[in-house]
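Here is the structure we will look at, set down as structure tokens.
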Amino acid sequence: MINILGIESSCDETSAAVIQNGKCLSNIIAEQKIHELYGGVVPELASRAHQQNIVPVVDAALKKANIDKTELSAIAFTKGPGLMGSLLVGTSFAKGFSLGLNIPLIEVNHMQAHILAHFIDKHNDSVPTFPFLCLTVSGGHTQIVLIKDYFKMEVIGETTDDAAGEAFDKAAKILGLPYPGGPLIDKYAKEGNAAAFSFPKISVPELNYSFSGLKTAFLYFIKDAIKKDANFIEKNLADICASYQKAIVTTLLIKLEKAMEQRGINQIAVAGGVSANSGLRNALLQLENTKKAKVFLPPFEYCTDNAAMIAITGYYKFLQNDFTTQRVTATARWNL
Amino acid sequence: MSTTKEIQVDSLHDLEQAAQELLDFSNGMKVILFYGEMGSGKTTFIKAICKALGVKENTSSPTFSIVNEYLSDTNNVIYHFDFYRLKNEQEAYDMGCEEYFYSGNYCFIEWPEKTPSLIPEQAVSVSIEVLENEKRVFRFLY
């Protein structure tokens, strides 16, 4: 039995998970903030909160997995990228725990872990085979990654300014919805006509993205419309949300399809919190229905920041004897 | 005594020049504050300044991450903050913002109005006023 404890504290969430031979036994996120997040509450991002959470979260993960700490094979932690103060909490805890238990320590790249989350609980027929492409879309990231092997990854496209999730959240703010309001845009969009308004599809070179211009175009569109009709937002909320969501999703898909064509790859994995967006899901299903691609969407709890993805990455590193030492330190910048 | 400078930017192409003018204006001060409404171009201007400082890697919005770190071609660290989603100053304290502000490295700060009492006295302010389309007025002050 290989039991890996995973620890994640790179940004807002403090999380711990136990993976046994690739199977997730527990995945605890402090106070289960995901639900709050989707209700539109701004999460705490204090490293102090991580300090308060880390011991209870690890304890809860071990208990839920019904694993004693002495049964752990190794400890995997997020070394970066992320917020330094937050990363240090998880890193220090992992180092101390590994020293105390005298078991190996495994450093994990958070962005790599988002992708390897696809291998949690999976058997060989339900996972993408190498090489595949992953669209990682969240509040902080928008990337297209080419995955040649578990640890051979290359970013082939990324945002040059705002992340896709940020484009949703900021538009929600412009509409007077609570921040982060991306999920609310999705909710209203379901009732709206996506062809009601048109927004520019900002085009940048290669496989890169830009969402800052779209956000600004949206801001001025709303400002102008309100000048003519003070109740414009209230009257058209669903149509505005549907049209704006379509602009983001279309932009995401254009570059994704371009990447598929360029690389001759038709297996698409999706990671990050924006993968919950129904517009994006429908567009990806459309790709699958038209036989253009095979799409892999992990369960939502493995899409947002979580420790199970850190533990599964740790598991594959464990199989390769890829361990780090007590000299390791957190790093805010860490490219794939 | 305060020192000010005002420049008009007519399009994205003028940003390279504006970035150089700001760096010259800053007189060695490393903490630079950016004021302007959403969509006024704070992140875009900071990208131009990073480029002028020799940052080769991608510079993107830190709204979610709160702070991005970049490395210039002379291996100097540059911090790019966005306090947009902070709820209060305590959160900025808790993330250790003072360590960054007094590190001696460049700190570019978007939405500094969220943490008014934490901003070092030795700082340059940049206010961006939107005129129309791509036209902006930049006001530098220290």
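Scheme for the structure tokens: letters A, B, ... for chains in order shown; per-chain residue numbers from 1; ligand numbers from 1 in order shown.
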For this session: Run DSSP on the backbone of this structure and report the residues of range 150-332 of chain A it assigns to strand (DSSP E), as a list in words.
Result: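 Taking range 150-332 of chain A and keeping strand (DSSP E) gives Lys152, Met153, Glu154, Val155, Ile156, Gly157, Glu158, Gln267, Ile268, Ala269, Val270, Ala271, Lys294, Val295 and Phe296 of chain A.
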Problem set entry | Contacts of Lys294 in chain A within 8 Å, only C-alpha atoms, excl. fewer than 3 positions in-chain, as a PyMOL selection string | chain A and resi 266-268+287-288+291
Would you output that residue set with N, CA and C atoms, as a tab-separated table (two decimals), in the first residue's frame?
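Here's the written file again30.tsv:
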chain	number	residue	atom	x	y	z
A	266	ASN	N	-6.41	15.10	-30.34
A	266	ASN	CA	-7.85	15.30	-30.16
A	266	ASN	C	-8.35	14.86	-28.78
A	267	GLN	N	-7.42	14.67	-27.85
A	267	GLN	CA	-7.84	14.40	-26.47
A	267	GLN	C	-7.66	15.66	-25.65
A	268	ILE	N	-8.79	16.12	-25.07
A	268	ILE	CA	-8.78	17.38	-24.34
A	268	ILE	C	-9.13	17.14	-22.88
A	287	LEU	N	-17.89	19.65	-28.99
A	287	LEU	CA	-16.67	19.15	-29.64
A	287	LEU	C	-16.69	17.62	-29.67
A	288	GLU	N	-17.16	17.06	-28.55
A	288	GLU	CA	-17.17	15.61	-28.45
A	288	GLU	C	-18.26	15.02	-29.36
A	291	LYS	N	-17.48	14.66	-32.80
A	291	LYS	CA	-16.37	13.72	-32.96
A	291	LYS	C	-15.03	14.41	-33.19
For this session: Write out as a ChimeraX atom specification the residues lying within 9 Å of Thr44 in chain B, counting only C-alpha atoms and excluding same-chain residues fewer than 2 positions away.
Result: /A:161,212 /B:12,15,40-42,46-49,60-61
List every residue of chain B that has an atom at most 6 Å from any atom of chain A, giving for each one its closest atom pair and the distance in Å to one decimal, counting only C-alpha atoms, sorted by chain and then by ascending residue number, as JSON lines.
{"residue": "B:Gly39", "atom": "CA", "partner": "A:Thr216", "partner_atom": "CA", "distance": 4.7}
{"residue": "B:Ser60", "atom": "CA", "partner": "A:Asp161", "partner_atom": "CA", "distance": 4.1}
{"residue": "B:Ser61", "atom": "CA", "partner": "A:Asp162", "partner_atom": "CA", "distance": 5.1}
{"residue": "B:Phe64", "atom": "CA", "partner": "A:Gly140", "partner_atom": "CA", "distance": 5.0}
{"residue": "B:Glu91", "atom": "CA", "partner": "A:Ala46", "partner_atom": "CA", "distance": 5.7}
{"residue": "B:Asp94", "atom": "CA", "partner": "A:Ala46", "partner_atom": "CA", "distance": 5.2}
{"residue": "B:Met95", "atom": "CA", "partner": "A:Gly85", "partner_atom": "CA", "distance": 5.7}
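Atom pair CA of Glu234 in chain A / CA of Asp186 in chain A has a distance of 16.1 Å (rounded to one decimal).
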For this session: Find, counting only C-alpha atoms, the residue in A:Leu25, A:Val328, A:Ala65, A:Leu175 that gets nearest to Thr91 in chain A.
Result: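 Looking at the shortest contact to Thr91 in chain A, the residue is A:Val328.
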Exercise. Neighbours of range 115-123 of chain B within 7 Å (only C-alpha atoms; same-chain residues fewer than 2 positions away dropped), as a PyMOL selection string?
Worked result: chain B and resi 29+31-32+89+112-113+125+142
Do you know which residues are at most 9 Å from range 131-133 of chain B counting only C-alpha atoms, after dropping those on the same chain fewer than 4 positions away, and could you put them as a PDB file with N, CA and C atoms, in the first residue's frame?
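Just written: selection06.pdb:
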ATOM      1  N   ASP B  10      -2.186  58.463 -26.486  1.00  0.00           N
ATOM      2  CA  ASP B  10      -3.252  58.379 -27.491  1.00  0.00           C
ATOM      3  C   ASP B  10      -3.571  56.951 -27.901  1.00  0.00           C
ATOM      4  N   SER B  11      -2.601  56.063 -27.744  1.00  0.00           N
ATOM      5  CA  SER B  11      -2.869  54.665 -28.118  1.00  0.00           C
ATOM      6  C   SER B  11      -1.890  53.759 -27.390  1.00  0.00           C
ATOM      7  N   VAL B 137      -5.094  60.105 -19.938  1.00  0.00           N
ATOM      8  CA  VAL B 137      -4.140  61.063 -19.356  1.00  0.00           C
ATOM      9  C   VAL B 137      -3.503  60.384 -18.149  1.00  0.00           C
TER      10      VAL B 137
END
Problem set entry | Shell of 10 Å around Lys152 in chain A, only C-alpha atoms, local chain residues under 4 positions omitted, as a list in words | Gln112, Phe130, Pro131, Leu146, Ile147, Lys148 and Leu336 of chain A
For this session: Within range 32-64 of chain B, find each residue whose DSSP state, derived from the backbone, is alpha helix (DSSP H), and express the selection as a list in words.
Result: Lys42, Thr43, Thr44, Phe45, Ile46, Lys47, Ala48, Ile49, Cys50, Lys51 and Ala52 of chain B
Can you write just those residues out, N, CA, C and O atoms, as a PDB file, in the first residue's frame?
ATOM      1  N   LYS B  42      -4.519  49.906 -15.999  1.00  0.00           N
ATOM      2  CA  LYS B  42      -3.447  49.811 -15.003  1.00  0.00           C
ATOM      3  C   LYS B  42      -2.526  48.619 -15.301  1.00  0.00           C
ATOM      4  O   LYS B  42      -1.312  48.760 -15.366  1.00  0.00           O
ATOM      5  N   THR B  43      -3.132  47.437 -15.481  1.00  0.00           N
ATOM      6  CA  THR B  43      -2.331  46.237 -15.743  1.00  0.00           C
ATOM      7  C   THR B  43      -1.557  46.379 -17.054  1.00  0.00           C
ATOM      8  O   THR B  43      -0.386  46.013 -17.141  1.00  0.00           O
ATOM      9  N   THR B  44      -2.216  46.966 -18.052  1.00  0.00           N
ATOM     10  CA  THR B  44      -1.570  47.131 -19.359  1.00  0.00           C
ATOM     11  C   THR B  44      -0.357  48.056 -19.249  1.00  0.00           C
ATOM     12  O   THR B  44       0.695  47.794 -19.833  1.00  0.00           O
ATOM     13  N   PHE B  45      -0.499  49.126 -18.461  1.00  0.00           N
ATOM     14  CA  PHE B  45       0.621  50.056 -18.288  1.00  0.00           C
ATOM     15  C   PHE B  45       1.760  49.366 -17.523  1.00  0.00           C
ATOM     16  O   PHE B  45       2.934  49.508 -17.864  1.00  0.00           O
ATOM     17  N   ILE B  46       1.415  48.593 -16.517  1.00  0.00           N
ATOM     18  CA  ILE B  46       2.446  47.895 -15.739  1.00  0.00           C
ATOM     19  C   ILE B  46       3.201  46.892 -16.625  1.00  0.00           C
ATOM     20  O   ILE B  46       4.414  46.722 -16.486  1.00  0.00           O
ATOM     21  N   LYS B  47       2.476  46.264 -17.532  1.00  0.00           N
ATOM     22  CA  LYS B  47       3.154  45.363 -18.495  1.00  0.00           C
ATOM     23  C   LYS B  47       4.227  46.126 -19.259  1.00  0.00           C
ATOM     24  O   LYS B  47       5.343  45.628 -19.455  1.00  0.00           O
ATOM     25  N   ALA B  48       3.872  47.337 -19.711  1.00  0.00           N
ATOM     26  CA  ALA B  48       4.818  48.146 -20.498  1.00  0.00           C
ATOM     27  C   ALA B  48       6.026  48.528 -19.637  1.00  0.00           C
ATOM     28  O   ALA B  48       7.163  48.535 -20.119  1.00  0.00           O
ATOM     29  N   ILE B  49       5.770  48.839 -18.357  1.00  0.00           N
ATOM     30  CA  ILE B  49       6.881  49.218 -17.465  1.00  0.00           C
ATOM     31  C   ILE B  49       7.798  48.008 -17.226  1.00  0.00           C
ATOM     32  O   ILE B  49       9.022  48.130 -17.246  1.00  0.00           O
ATOM     33  N   CYS B  50       7.195  46.836 -17.011  1.00  0.00           N
ATOM     34  CA  CYS B  50       7.996  45.617 -16.808  1.00  0.00           C
ATOM     35  C   CYS B  50       8.861  45.350 -18.033  1.00  0.00           C
ATOM     36  O   CYS B  50      10.023  44.967 -17.920  1.00  0.00           O
ATOM     37  N   LYS B  51       8.275  45.561 -19.199  1.00  0.00           N
ATOM     38  CA  LYS B  51       9.032  45.351 -20.437  1.00  0.00           C
ATOM     39  C   LYS B  51      10.216  46.322 -20.480  1.00  0.00           C
ATOM     40  O   LYS B  51      11.336  45.927 -20.815  1.00  0.00           O
ATOM     41  N   ALA B  52       9.960  47.570 -20.091  1.00  0.00           N
ATOM     42  CA  ALA B  52      11.035  48.572 -20.086  1.00  0.00           C
ATOM     43  C   ALA B  52      12.132  48.185 -19.086  1.00  0.00           C
ATOM     44  O   ALA B  52      13.292  48.542 -19.257  1.00  0.00           O
TER      45      ALA B  52
END
For this session: Find the spatial neighbours of Leu22 in chain B, counting only C-alpha atoms, within a cut-off of 9 Å - ignore same-chain residues fewer than 3 positions away - and output them as a list in words.
Result: Lys5, Gln17, Ala18, Ala19, Phe25, Ser26, Ile49, Val126 and Phe140 of chain B
